[in-house]
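Chemist: Below: one structure in structure tokens.
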Amino acid sequence: MPIPIVDSHIHLFPQAHLPTLAWHGPDNPLGAQHSIDEYRTATQTVPTSPDETTTTYLRGFVFLETDRISSLDDAGWTHALDEVSLLTRIALGEPISGEGHQPADRSLCLGIVPWAPVPAGPDALARYLSLAKQRARTEEVWKKVRGVRYLLQDKPAGTMLNPGFVEGLKWLGRQKLVFDLGIDARQGGLWQLREAVEMMQKVYEGVGEEERVVFVINHLCKPNLRLPYSTPESITTHADFIEWKALITAMAAHPTTYMKLSGALSELPPLSSTPEPDIDALVDRLQPWTDAVFDTFGPERVLFGSDWPVCNIGGGGNEVSWRRWRSIVEGVLEGRGLTEEQKKGVWGGVAVKAYRLEI
């Protein structure tokens with residue numbers, strides 16, 4: 001029986017919304033429309049319904065906020081709320097001309113993780129999510145909002161330890177909303193992981209099991225996958241790897257933390273569109289890192305994500321990147337010797353559990 005894939009991490013933005021993106025600029029390689037039309041092109045090697053000729057099929061995706069221009073005060077929420085309106089149209093199958101999605105695409109939208117002003121604390125979060133619920137328009141769409149993200153990889157030191165941020169995360173736990181944690185060990189620095197570990201201790205301190213916020217950690221914490229590689233030992237003995245592993249081990253000690261198997265194509269040396277890369281060699285190069293993730297979180301808390309369309313930048317372009325990452329993940333899972341049930345979990349079951357998706 002083919003395994004359903006839940007792609008736990010994609011971004012979508014139509015051409016008309018590009019000026020509202022905080023990272024957009026004239027030379028940005030993602031500076032064009034990336035809609036479901038382009039996503040279907042990227043994923044066309046996998047059917048979207050069970051097919052006896054394939055081992056997997058694409059059941060759908062979880063949308064992650066796309067770093068809109070925003071601020072913590074109420075006046076800075078417009079662009080993020082407009083993004084909720086975009087996802088509402090996708091989820092209801094009500095496209096506007098030029099947005100790049102069709103009515104049939106509504107079945108692919110399984111979960112929505114919008115931006116939210118977490119550092120502003122519980123009161124601001126409640127106001128913002130009330131407005132977001134209005135943008136969602138129907139209970140059908142609002143049920144797909146499974147968590148929020150406030151991107152931390154570009155924020156100053158101390159942001160995660162701010163009392164408002166800590167209390168905001170505790171509030172999310174009481175609302176049964178996930179927090180997607182986006183930090184960056186390679187370009188931001190390992191201090192971000194140290195701060196995240198300290199933040200988790202504060203967030204979970206004195207909080208009952210039923211009220212603990214679920215953290216879904218993005219992209220392996222973006223480790224430095226460009227360390228000089230010759231053998232696995234050349235990585236596992238490197239100081240950067242040793243500290244990264246110790247820090248994700250500390251995160252994994254909390255049972256309501258999950259890790260996305262995603263984002264690696266952006267951290268590895270870039271691939272070209274042709275020729276096809278040696279997938280086995282890439283699996284080997286990643287093995288110290290992926291072994292550490294599976295050893296600490298266990299397959300029950302690791303979930304597949306493509307990071308589309310960001311994966312296109314390092315992965316060789318939209319025609320090949322998604323397929324290449326899927327092949328790499330297949331190699332990783334085979335190398336770990338996972339059971340069929342565990343593979344089914346990584347491909348989609350863990351995402352369903354972490355985000356409490358209804359599919």
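Quick note on naming: the chains in the structure tokens go A, B, ... in the order shown, residues restart at 1 in each chain, and ligands are numbered from 1 in order of appearance.
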Show me, as JSON, numbers by chain, the residues that have an atom within 7 Å of Pro14 in chain A when counting only C-alpha atoms, minus same-chain residues fewer than 4 positions from it.

Modeler: {"A": [18, 33, 34, 35, 99, 100]}

Chemist: How about saving the chosen residues, C-alpha atoms kept, as a PDB file, in the first residue's frame?

Modeler:
ATOM      1  CA  LEU A  18       6.297  39.881  -3.324  1.00  0.00           C
ATOM      2  CA  GLN A  33       5.586  33.692  -7.945  1.00  0.00           C
ATOM      3  CA  HIS A  34       5.713  30.392  -6.054  1.00  0.00           C
ATOM      4  CA  SER A  35       2.171  29.084  -5.970  1.00  0.00           C
ATOM      5  CA  GLU A  99      -2.722  33.583  -7.704  1.00  0.00           C
ATOM      6  CA  GLY A 100      -1.660  30.262  -9.206  1.00  0.00           C
TER       7      GLY A 100
END

Chemist: Select from range 14-192 of chain A everything DSSP, run on the backbone, classes as strand (DSSP E or B), then give the selection as a list in words.

Modeler: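 Answer for range 14-192 of chain A restricted to strand (DSSP E or B) is Leu21, His34, Thr56, Tyr57, Leu58, Arg59, Gly60, Phe61, Val62, Phe63, Leu64, Arg68, Cys109, Leu110, Gly111, Ile112, Val113, Trp115, Val145, Gly147, Val148, Arg149, Val178, Phe179, Asp180 and Leu181 of chain A.
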
Chemist: Tell me which protein, DNA and RNA residues are within 12 Å of Gly164 in chain A, counting only C-alpha atoms, leaving out same-chain ones fewer than 2 positions away, and put them as a PDB file with all heavy atoms, in the first residue's frame.

Modeler:
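Just written: around11.pdb:
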ATOM      1  N   LEU A  72       5.576  43.845  15.949  1.00  0.00           N
ATOM      2  CA  LEU A  72       4.838  43.276  17.073  1.00  0.00           C
ATOM      3  C   LEU A  72       3.591  44.070  17.431  1.00  0.00           C
ATOM      4  O   LEU A  72       2.650  43.517  18.001  1.00  0.00           O
ATOM      5  CB  LEU A  72       5.750  43.160  18.288  1.00  0.00           C
ATOM      6  CG  LEU A  72       6.946  42.204  18.139  1.00  0.00           C
ATOM      7  CD1 LEU A  72       7.789  42.208  19.410  1.00  0.00           C
ATOM      8  CD2 LEU A  72       6.472  40.791  17.820  1.00  0.00           C
ATOM      9  N   PRO A 117       2.658  37.377  16.630  1.00  0.00           N
ATOM     10  CA  PRO A 117       3.550  38.235  17.421  1.00  0.00           C
ATOM     11  C   PRO A 117       3.848  37.634  18.797  1.00  0.00           C
ATOM     12  O   PRO A 117       3.513  38.211  19.841  1.00  0.00           O
ATOM     13  CB  PRO A 117       2.745  39.535  17.536  1.00  0.00           C
ATOM     14  CG  PRO A 117       1.316  39.068  17.563  1.00  0.00           C
ATOM     15  CD  PRO A 117       1.263  37.891  16.625  1.00  0.00           C
ATOM     16  N   VAL A 118       4.521  36.497  18.811  1.00  0.00           N
ATOM     17  CA  VAL A 118       4.729  35.759  20.065  1.00  0.00           C
ATOM     18  C   VAL A 118       5.458  36.586  21.125  1.00  0.00           C
ATOM     19  O   VAL A 118       5.056  36.574  22.298  1.00  0.00           O
ATOM     20  CB  VAL A 118       5.456  34.423  19.795  1.00  0.00           C
ATOM     21  CG1 VAL A 118       5.635  33.636  21.095  1.00  0.00           C
ATOM     22  CG2 VAL A 118       4.671  33.582  18.782  1.00  0.00           C
ATOM     23  N   PRO A 119       6.522  37.340  20.786  1.00  0.00           N
ATOM     24  CA  PRO A 119       7.217  38.093  21.842  1.00  0.00           C
ATOM     25  C   PRO A 119       6.362  39.157  22.514  1.00  0.00           C
ATOM     26  O   PRO A 119       6.710  39.621  23.601  1.00  0.00           O
ATOM     27  CB  PRO A 119       8.398  38.738  21.091  1.00  0.00           C
ATOM     28  CG  PRO A 119       8.593  37.892  19.881  1.00  0.00           C
ATOM     29  CD  PRO A 119       7.222  37.461  19.491  1.00  0.00           C
ATOM     30  N   ALA A 120       5.253  39.545  21.885  1.00  0.00           N
ATOM     31  CA  ALA A 120       4.392  40.574  22.472  1.00  0.00           C
ATOM     32  C   ALA A 120       3.537  40.023  23.599  1.00  0.00           C
ATOM     33  O   ALA A 120       2.874  40.798  24.303  1.00  0.00           O
ATOM     34  CB  ALA A 120       3.509  41.195  21.393  1.00  0.00           C
ATOM     35  N   GLY A 121       3.521  38.704  23.788  1.00  0.00           N
ATOM     36  CA  GLY A 121       2.834  38.112  24.923  1.00  0.00           C
ATOM     37  C   GLY A 121       1.409  37.678  24.644  1.00  0.00           C
ATOM     38  O   GLY A 121       0.872  37.872  23.548  1.00  0.00           O
ATOM     39  N   PRO A 122       0.753  37.072  25.644  1.00  0.00           N
ATOM     40  CA  PRO A 122      -0.558  36.456  25.471  1.00  0.00           C
ATOM     41  C   PRO A 122      -1.657  37.397  24.988  1.00  0.00           C
ATOM     42  O   PRO A 122      -2.474  37.014  24.142  1.00  0.00           O
ATOM     43  CB  PRO A 122      -0.871  35.907  26.865  1.00  0.00           C
ATOM     44  CG  PRO A 122       0.461  35.644  27.484  1.00  0.00           C
ATOM     45  CD  PRO A 122       1.334  36.761  26.977  1.00  0.00           C
ATOM     46  N   ASP A 123      -1.730  38.613  25.514  1.00  0.00           N
ATOM     47  CA  ASP A 123      -2.819  39.507  25.123  1.00  0.00           C
ATOM     48  C   ASP A 123      -2.740  39.851  23.637  1.00  0.00           C
ATOM     49  O   ASP A 123      -3.757  39.837  22.925  1.00  0.00           O
ATOM     50  CB  ASP A 123      -2.801  40.783  25.964  1.00  0.00           C
ATOM     51  CG  ASP A 123      -3.189  40.533  27.415  1.00  0.00           C
ATOM     52  OD1 ASP A 123      -3.738  39.440  27.701  1.00  0.00           O
ATOM     53  OD2 ASP A 123      -2.941  41.420  28.258  1.00  0.00           O
ATOM     54  N   ALA A 124      -1.531  40.168  23.171  1.00  0.00           N
ATOM     55  CA  ALA A 124      -1.357  40.494  21.753  1.00  0.00           C
ATOM     56  C   ALA A 124      -1.635  39.266  20.885  1.00  0.00           C
ATOM     57  O   ALA A 124      -2.252  39.377  19.821  1.00  0.00           O
ATOM     58  CB  ALA A 124       0.059  41.010  21.495  1.00  0.00           C
ATOM     59  N   LEU A 125      -1.206  38.096  21.333  1.00  0.00           N
ATOM     60  CA  LEU A 125      -1.479  36.872  20.588  1.00  0.00           C
ATOM     61  C   LEU A 125      -2.986  36.636  20.464  1.00  0.00           C
ATOM     62  O   LEU A 125      -3.478  36.267  19.390  1.00  0.00           O
ATOM     63  CB  LEU A 125      -0.826  35.673  21.278  1.00  0.00           C
ATOM     64  CG  LEU A 125       0.638  35.405  20.961  1.00  0.00           C
ATOM     65  CD1 LEU A 125       1.192  34.340  21.896  1.00  0.00           C
ATOM     66  CD2 LEU A 125       0.806  34.968  19.513  1.00  0.00           C
ATOM     67  N   GLY A 158      18.695  37.149  23.047  1.00  0.00           N
ATOM     68  CA  GLY A 158      17.815  37.482  24.144  1.00  0.00           C
ATOM     69  C   GLY A 158      16.344  37.447  23.801  1.00  0.00           C
ATOM     70  O   GLY A 158      15.495  37.429  24.707  1.00  0.00           O
ATOM     71  N   THR A 159      16.016  37.431  22.502  1.00  0.00           N
ATOM     72  CA  THR A 159      14.611  37.449  22.098  1.00  0.00           C
ATOM     73  C   THR A 159      13.841  36.273  22.691  1.00  0.00           C
ATOM     74  O   THR A 159      12.723  36.425  23.208  1.00  0.00           O
ATOM     75  CB  THR A 159      14.487  37.415  20.566  1.00  0.00           C
ATOM     76  OG1 THR A 159      15.131  38.576  20.010  1.00  0.00           O
ATOM     77  CG2 THR A 159      13.027  37.389  20.130  1.00  0.00           C
ATOM     78  N   MET A 160      14.434  35.078  22.635  1.00  0.00           N
ATOM     79  CA  MET A 160      13.742  33.879  23.106  1.00  0.00           C
ATOM     80  C   MET A 160      13.588  33.838  24.621  1.00  0.00           C
ATOM     81  O   MET A 160      12.771  33.073  25.143  1.00  0.00           O
ATOM     82  CB  MET A 160      14.478  32.619  22.631  1.00  0.00           C
ATOM     83  CG  MET A 160      14.339  32.332  21.162  1.00  0.00           C
ATOM     84  SD  MET A 160      15.263  30.846  20.669  1.00  0.00           S
ATOM     85  CE  MET A 160      16.745  31.557  19.961  1.00  0.00           C
ATOM     86  N   LEU A 161      14.396  34.614  25.334  1.00  0.00           N
ATOM     87  CA  LEU A 161      14.349  34.611  26.793  1.00  0.00           C
ATOM     88  C   LEU A 161      13.527  35.753  27.348  1.00  0.00           C
ATOM     89  O   LEU A 161      13.343  35.862  28.568  1.00  0.00           O
ATOM     90  CB  LEU A 161      15.775  34.667  27.353  1.00  0.00           C
ATOM     91  CG  LEU A 161      16.705  33.538  26.876  1.00  0.00           C
ATOM     92  CD1 LEU A 161      18.094  33.713  27.474  1.00  0.00           C
ATOM     93  CD2 LEU A 161      16.132  32.174  27.234  1.00  0.00           C
ATOM     94  N   ASN A 162      13.029  36.606  26.464  1.00  0.00           N
ATOM     95  CA  ASN A 162      12.181  37.720  26.879  1.00  0.00           C
ATOM     96  C   ASN A 162      10.936  37.185  27.579  1.00  0.00           C
ATOM     97  O   ASN A 162      10.305  36.238  27.104  1.00  0.00           O
ATOM     98  CB  ASN A 162      11.788  38.524  25.631  1.00  0.00           C
ATOM     99  CG  ASN A 162      10.901  39.698  25.958  1.00  0.00           C
ATOM    100  OD1 ASN A 162       9.708  39.525  26.212  1.00  0.00           O
ATOM    101  ND2 ASN A 162      11.471  40.889  25.937  1.00  0.00           N
ATOM    102  N   VAL A 166       8.331  34.032  26.411  1.00  0.00           N
ATOM    103  CA  VAL A 166       8.126  32.815  27.209  1.00  0.00           C
ATOM    104  C   VAL A 166       6.658  32.664  27.582  1.00  0.00           C
ATOM    105  O   VAL A 166       6.074  31.572  27.440  1.00  0.00           O
ATOM    106  CB  VAL A 166       9.023  32.832  28.461  1.00  0.00           C
ATOM    107  CG1 VAL A 166       8.662  31.688  29.401  1.00  0.00           C
ATOM    108  CG2 VAL A 166      10.497  32.752  28.062  1.00  0.00           C
ATOM    109  N   GLU A 167       6.037  33.747  28.037  1.00  0.00           N
ATOM    110  CA  GLU A 167       4.618  33.666  28.410  1.00  0.00           C
ATOM    111  C   GLU A 167       3.731  33.439  27.187  1.00  0.00           C
ATOM    112  O   GLU A 167       2.698  32.760  27.268  1.00  0.00           O
ATOM    113  CB  GLU A 167       4.195  34.935  29.156  1.00  0.00           C
ATOM    114  CG  GLU A 167       4.821  35.062  30.531  1.00  0.00           C
ATOM    115  CD  GLU A 167       4.574  33.841  31.414  1.00  0.00           C
ATOM    116  OE1 GLU A 167       3.405  33.385  31.473  1.00  0.00           O
ATOM    117  OE2 GLU A 167       5.534  33.348  32.032  1.00  0.00           O
ATOM    118  N   GLY A 168       4.146  34.013  26.045  1.00  0.00           N
ATOM    119  CA  GLY A 168       3.403  33.771  24.815  1.00  0.00           C
ATOM    120  C   GLY A 168       3.409  32.308  24.424  1.00  0.00           C
ATOM    121  O   GLY A 168       2.384  31.753  24.000  1.00  0.00           O
ATOM    122  N   LEU A 169       4.555  31.656  24.579  1.00  0.00           N
ATOM    123  CA  LEU A 169       4.644  30.233  24.264  1.00  0.00           C
ATOM    124  C   LEU A 169       3.804  29.396  25.227  1.00  0.00           C
ATOM    125  O   LEU A 169       3.154  28.426  24.820  1.00  0.00           O
ATOM    126  CB  LEU A 169       6.103  29.774  24.297  1.00  0.00           C
ATOM    127  CG  LEU A 169       6.979  30.300  23.158  1.00  0.00           C
ATOM    128  CD1 LEU A 169       8.442  29.991  23.439  1.00  0.00           C
ATOM    129  CD2 LEU A 169       6.564  29.707  21.814  1.00  0.00           C
ATOM    130  N   LYS A 170       3.814  29.765  26.488  1.00  0.00           N
ATOM    131  CA  LYS A 170       2.968  29.040  27.448  1.00  0.00           C
ATOM    132  C   LYS A 170       1.495  29.190  27.080  1.00  0.00           C
ATOM    133  O   LYS A 170       0.713  28.234  27.183  1.00  0.00           O
ATOM    134  CB  LYS A 170       3.229  29.556  28.870  1.00  0.00           C
ATOM    135  CG  LYS A 170       4.591  29.161  29.422  1.00  0.00           C
ATOM    136  CD  LYS A 170       4.767  29.673  30.859  1.00  0.00           C
ATOM    137  CE  LYS A 170       6.088  29.236  31.443  1.00  0.00           C
ATOM    138  NZ  LYS A 170       6.268  29.698  32.841  1.00  0.00           N
ATOM    139  N   TRP A 171       1.111  30.380  26.637  1.00  0.00           N
ATOM    140  CA  TRP A 171      -0.271  30.619  26.217  1.00  0.00           C
ATOM    141  C   TRP A 171      -0.617  29.742  25.013  1.00  0.00           C
ATOM    142  O   TRP A 171      -1.713  29.157  24.951  1.00  0.00           O
ATOM    143  CB  TRP A 171      -0.454  32.095  25.878  1.00  0.00           C
ATOM    144  CG  TRP A 171      -1.851  32.472  25.519  1.00  0.00           C
ATOM    145  CD1 TRP A 171      -2.860  32.820  26.370  1.00  0.00           C
ATOM    146  CD2 TRP A 171      -2.411  32.547  24.197  1.00  0.00           C
ATOM    147  NE1 TRP A 171      -4.012  33.108  25.669  1.00  0.00           N
ATOM    148  CE2 TRP A 171      -3.759  32.950  24.338  1.00  0.00           C
ATOM    149  CE3 TRP A 171      -1.903  32.323  22.919  1.00  0.00           C
ATOM    150  CZ2 TRP A 171      -4.602  33.127  23.230  1.00  0.00           C
ATOM    151  CZ3 TRP A 171      -2.744  32.494  21.830  1.00  0.00           C
ATOM    152  CH2 TRP A 171      -4.072  32.884  21.991  1.00  0.00           C
ATOM    153  N   MET A 199      15.456  28.612  26.666  1.00  0.00           N
ATOM    154  CA  MET A 199      14.066  29.042  26.532  1.00  0.00           C
ATOM    155  C   MET A 199      13.101  27.892  26.804  1.00  0.00           C
ATOM    156  O   MET A 199      12.115  28.052  27.523  1.00  0.00           O
ATOM    157  CB  MET A 199      13.839  29.615  25.130  1.00  0.00           C
ATOM    158  CG  MET A 199      12.403  29.914  24.786  1.00  0.00           C
ATOM    159  SD  MET A 199      11.583  28.506  23.971  1.00  0.00           S
ATOM    160  CE  MET A 199      12.395  28.501  22.387  1.00  0.00           C
ATOM    161  N   LYS A 202      12.593  27.242  30.422  1.00  0.00           N
ATOM    162  CA  LYS A 202      11.723  28.235  31.047  1.00  0.00           C
ATOM    163  C   LYS A 202      10.258  27.988  30.685  1.00  0.00           C
ATOM    164  O   LYS A 202       9.361  28.103  31.527  1.00  0.00           O
ATOM    165  CB  LYS A 202      12.130  29.642  30.609  1.00  0.00           C
ATOM    166  CG  LYS A 202      13.458  30.127  31.174  1.00  0.00           C
ATOM    167  CD  LYS A 202      13.795  31.510  30.660  1.00  0.00           C
ATOM    168  CE  LYS A 202      15.102  32.036  31.237  1.00  0.00           C
ATOM    169  NZ  LYS A 202      15.004  32.300  32.696  1.00  0.00           N
ATOM    170  N   VAL A 203      10.015  27.635  29.422  1.00  0.00           N
ATOM    171  CA  VAL A 203       8.636  27.449  28.950  1.00  0.00           C
ATOM    172  C   VAL A 203       7.982  26.247  29.617  1.00  0.00           C
ATOM    173  O   VAL A 203       6.794  26.276  29.958  1.00  0.00           O
ATOM    174  CB  VAL A 203       8.613  27.308  27.417  1.00  0.00           C
ATOM    175  CG1 VAL A 203       7.242  26.841  26.918  1.00  0.00           C
ATOM    176  CG2 VAL A 203       8.987  28.633  26.758  1.00  0.00           C
TER     177      VAL A 203
END

Chemist: Which residue, A:Tyr258, A:Phe294, A:Phe13, A:Tyr39, has the smallest gap to Val350 in chain A when you use only C-alpha atoms?

Modeler: A:Tyr258

Chemist: Which residue out of A:Val178, A:Leu303, A:Val46, A:Val84 has the minimum interatomic distance to Lys343 in chain A when only C-alpha atoms are used?

Modeler: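 Of all the options, A:Leu303 lies closest to Lys343 in chain A.
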
Chemist: Using DSSP on the backbone coordinates, identify all residues within range 176-311 of chain A classified as helix (DSSP H, G or I); present the result as a ChimeraX atom specification.

Modeler: /A:191-204,209-211,219-221,232-236,239-252,264-267,279-297,299-301,311

Chemist: For a quick check of understanding, using only C-alpha atoms, which of A:Trp23, A:Met1, A:Leu12, A:Leu87 has the smallest distance to Pro50 in chain A?

Modeler: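 The closest residue to Pro50 in chain A is A:Met1.
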
Chemist: Between CA of Val293 in chain A and CA of Thr249 in chain A, what is the distance in Å, rounded to a tenth?

Modeler: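 Atom-to-atom, CA of Val293 in chain A and CA of Thr249 in chain A are spaced 8.2 Å apart.
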
Chemist: Calculated over only C-alpha atoms, which of the candidates A:Arg194, A:Arg135, A:Lys144, A:Arg324 has the smallest distance to Ala246 in chain A?

Modeler: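 Checking each of A:Arg194, A:Arg135, A:Lys144, A:Arg324 against Ala246 in chain A, counting only C-alpha atoms, the winner is A:Arg194.
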
Chemist: So what do you get for CA of Pro95 in chain A versus CA of Asp37 in chain A, distance-wise?

Modeler: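 CA of Asp37 in chain A lies at a distance of 11.7 Å from CA of Pro95 in chain A.
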
Chemist: In Å, rounded to a single decimal, give me how far CA of Val329 in chain A is from CA of Phe241 in chain A.

Modeler: 20.4 Å

Chemist: With only C-alpha atoms as the basis for distance, which of A:Ile69, A:Ile112, A:Leu261, A:Ile183 is at the shortest distance from Asp154 in chain A?

Modeler: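 Closest to Asp154 in chain A of all the choices is A:Ile183.
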
Chemist: Would you kindly return, as a compact mmCIF listing (two decimals) with N, CA, C and O atoms, in the first residue's frame, each protein, DNA or RNA residue with an atom no farther than 12 Å from any atom of Ser327 in chain A, considering only C-alpha atoms and excluding same-chain residues fewer than 3 positions away?

Modeler:
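Saved file part39.txt follows:
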# COMPACT_ATOMS: atom_id res chain seq x y z
N THR A 45 6.52 14.08 -9.91
CA THR A 45 6.97 12.68 -9.96
C THR A 45 6.24 11.80 -8.94
O THR A 45 6.41 10.59 -8.94
N VAL A 46 5.44 12.43 -8.07
CA VAL A 46 4.68 11.67 -7.07
C VAL A 46 3.20 11.92 -7.29
O VAL A 46 2.76 13.07 -7.34
N THR A 55 5.55 3.77 -4.34
CA THR A 55 5.61 3.45 -2.91
C THR A 55 5.04 4.56 -2.04
O THR A 55 4.71 4.34 -0.89
N THR A 56 4.96 5.79 -2.61
CA THR A 56 4.45 6.93 -1.85
C THR A 56 3.54 7.76 -2.75
O THR A 56 3.58 7.67 -3.97
N GLU A 276 22.66 14.81 -12.73
CA GLU A 276 22.05 14.34 -11.50
C GLU A 276 23.13 14.07 -10.44
O GLU A 276 24.18 13.49 -10.77
N PRO A 277 22.92 14.49 -9.21
CA PRO A 277 23.91 14.26 -8.17
C PRO A 277 23.94 12.80 -7.75
O PRO A 277 23.01 12.04 -8.02
N ASP A 278 25.01 12.43 -7.08
CA ASP A 278 25.13 11.09 -6.50
C ASP A 278 24.33 11.07 -5.19
O ASP A 278 24.82 11.55 -4.17
N ILE A 279 23.12 10.55 -5.24
CA ILE A 279 22.23 10.57 -4.07
C ILE A 279 22.86 9.79 -2.91
O ILE A 279 22.81 10.23 -1.75
N ASP A 280 23.45 8.63 -3.22
CA ASP A 280 24.06 7.83 -2.15
C ASP A 280 25.16 8.60 -1.43
O ASP A 280 25.30 8.51 -0.21
N ALA A 281 25.95 9.37 -2.22
CA ALA A 281 27.02 10.16 -1.61
C ALA A 281 26.46 11.26 -0.72
O ALA A 281 27.02 11.55 0.36
N LEU A 282 25.34 11.86 -1.12
CA LEU A 282 24.71 12.89 -0.30
C LEU A 282 24.13 12.29 0.98
O LEU A 282 24.21 12.89 2.06
N VAL A 283 23.54 11.09 0.86
CA VAL A 283 23.04 10.40 2.06
C VAL A 283 24.19 10.14 3.02
O VAL A 283 24.07 10.35 4.24
N PHE A 304 9.06 14.51 7.75
CA PHE A 304 9.54 14.97 6.45
C PHE A 304 9.00 16.35 6.11
O PHE A 304 7.82 16.64 6.30
N SER A 306 9.87 19.49 2.85
CA SER A 306 10.69 19.81 1.68
C SER A 306 11.35 21.17 1.76
O SER A 306 12.36 21.42 1.11
N VAL A 320 13.79 19.78 -10.28
CA VAL A 320 14.51 18.62 -9.73
C VAL A 320 14.63 18.60 -8.22
O VAL A 320 14.83 17.53 -7.63
N SER A 321 14.53 19.74 -7.54
CA SER A 321 14.92 19.81 -6.12
C SER A 321 14.04 18.97 -5.21
O SER A 321 14.54 18.24 -4.34
N TRP A 322 12.72 19.07 -5.37
CA TRP A 322 11.81 18.32 -4.48
C TRP A 322 12.07 16.82 -4.64
O TRP A 322 12.16 16.09 -3.65
N ARG A 323 12.18 16.36 -5.89
CA ARG A 323 12.42 14.94 -6.14
C ARG A 323 13.74 14.49 -5.54
O ARG A 323 13.84 13.41 -4.95
N ARG A 324 14.77 15.32 -5.67
CA ARG A 324 16.08 14.96 -5.11
C ARG A 324 16.01 14.82 -3.59
O ARG A 324 16.57 13.88 -3.02
N GLU A 330 14.58 9.05 1.32
CA GLU A 330 14.40 7.60 1.14
C GLU A 330 15.69 6.86 1.51
O GLU A 330 15.65 5.83 2.20
N GLY A 331 16.83 7.39 1.05
CA GLY A 331 18.12 6.77 1.38
C GLY A 331 18.43 6.81 2.86
O GLY A 331 18.95 5.85 3.43
N VAL A 332 18.10 7.94 3.50
CA VAL A 332 18.33 8.07 4.94
C VAL A 332 17.50 7.04 5.71
O VAL A 332 18.01 6.35 6.62
N LEU A 333 16.24 6.90 5.34
CA LEU A 333 15.36 5.97 6.06
C LEU A 333 15.78 4.52 5.84
O LEU A 333 15.73 3.71 6.77
N GLU A 334 16.23 4.21 4.63
CA GLU A 334 16.73 2.86 4.36
C GLU A 334 17.99 2.60 5.18
O GLU A 334 18.16 1.51 5.76

Chemist: Check the smallest atom-to-atom distance from each of A:Ala351, A:Ala292, A:Ile328, A:Leu152 to Val216 in chain A using only C-alpha atoms, then report the winner.

Modeler: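 That would be A:Ala351, the residue with the smallest distance to Val216 in chain A.
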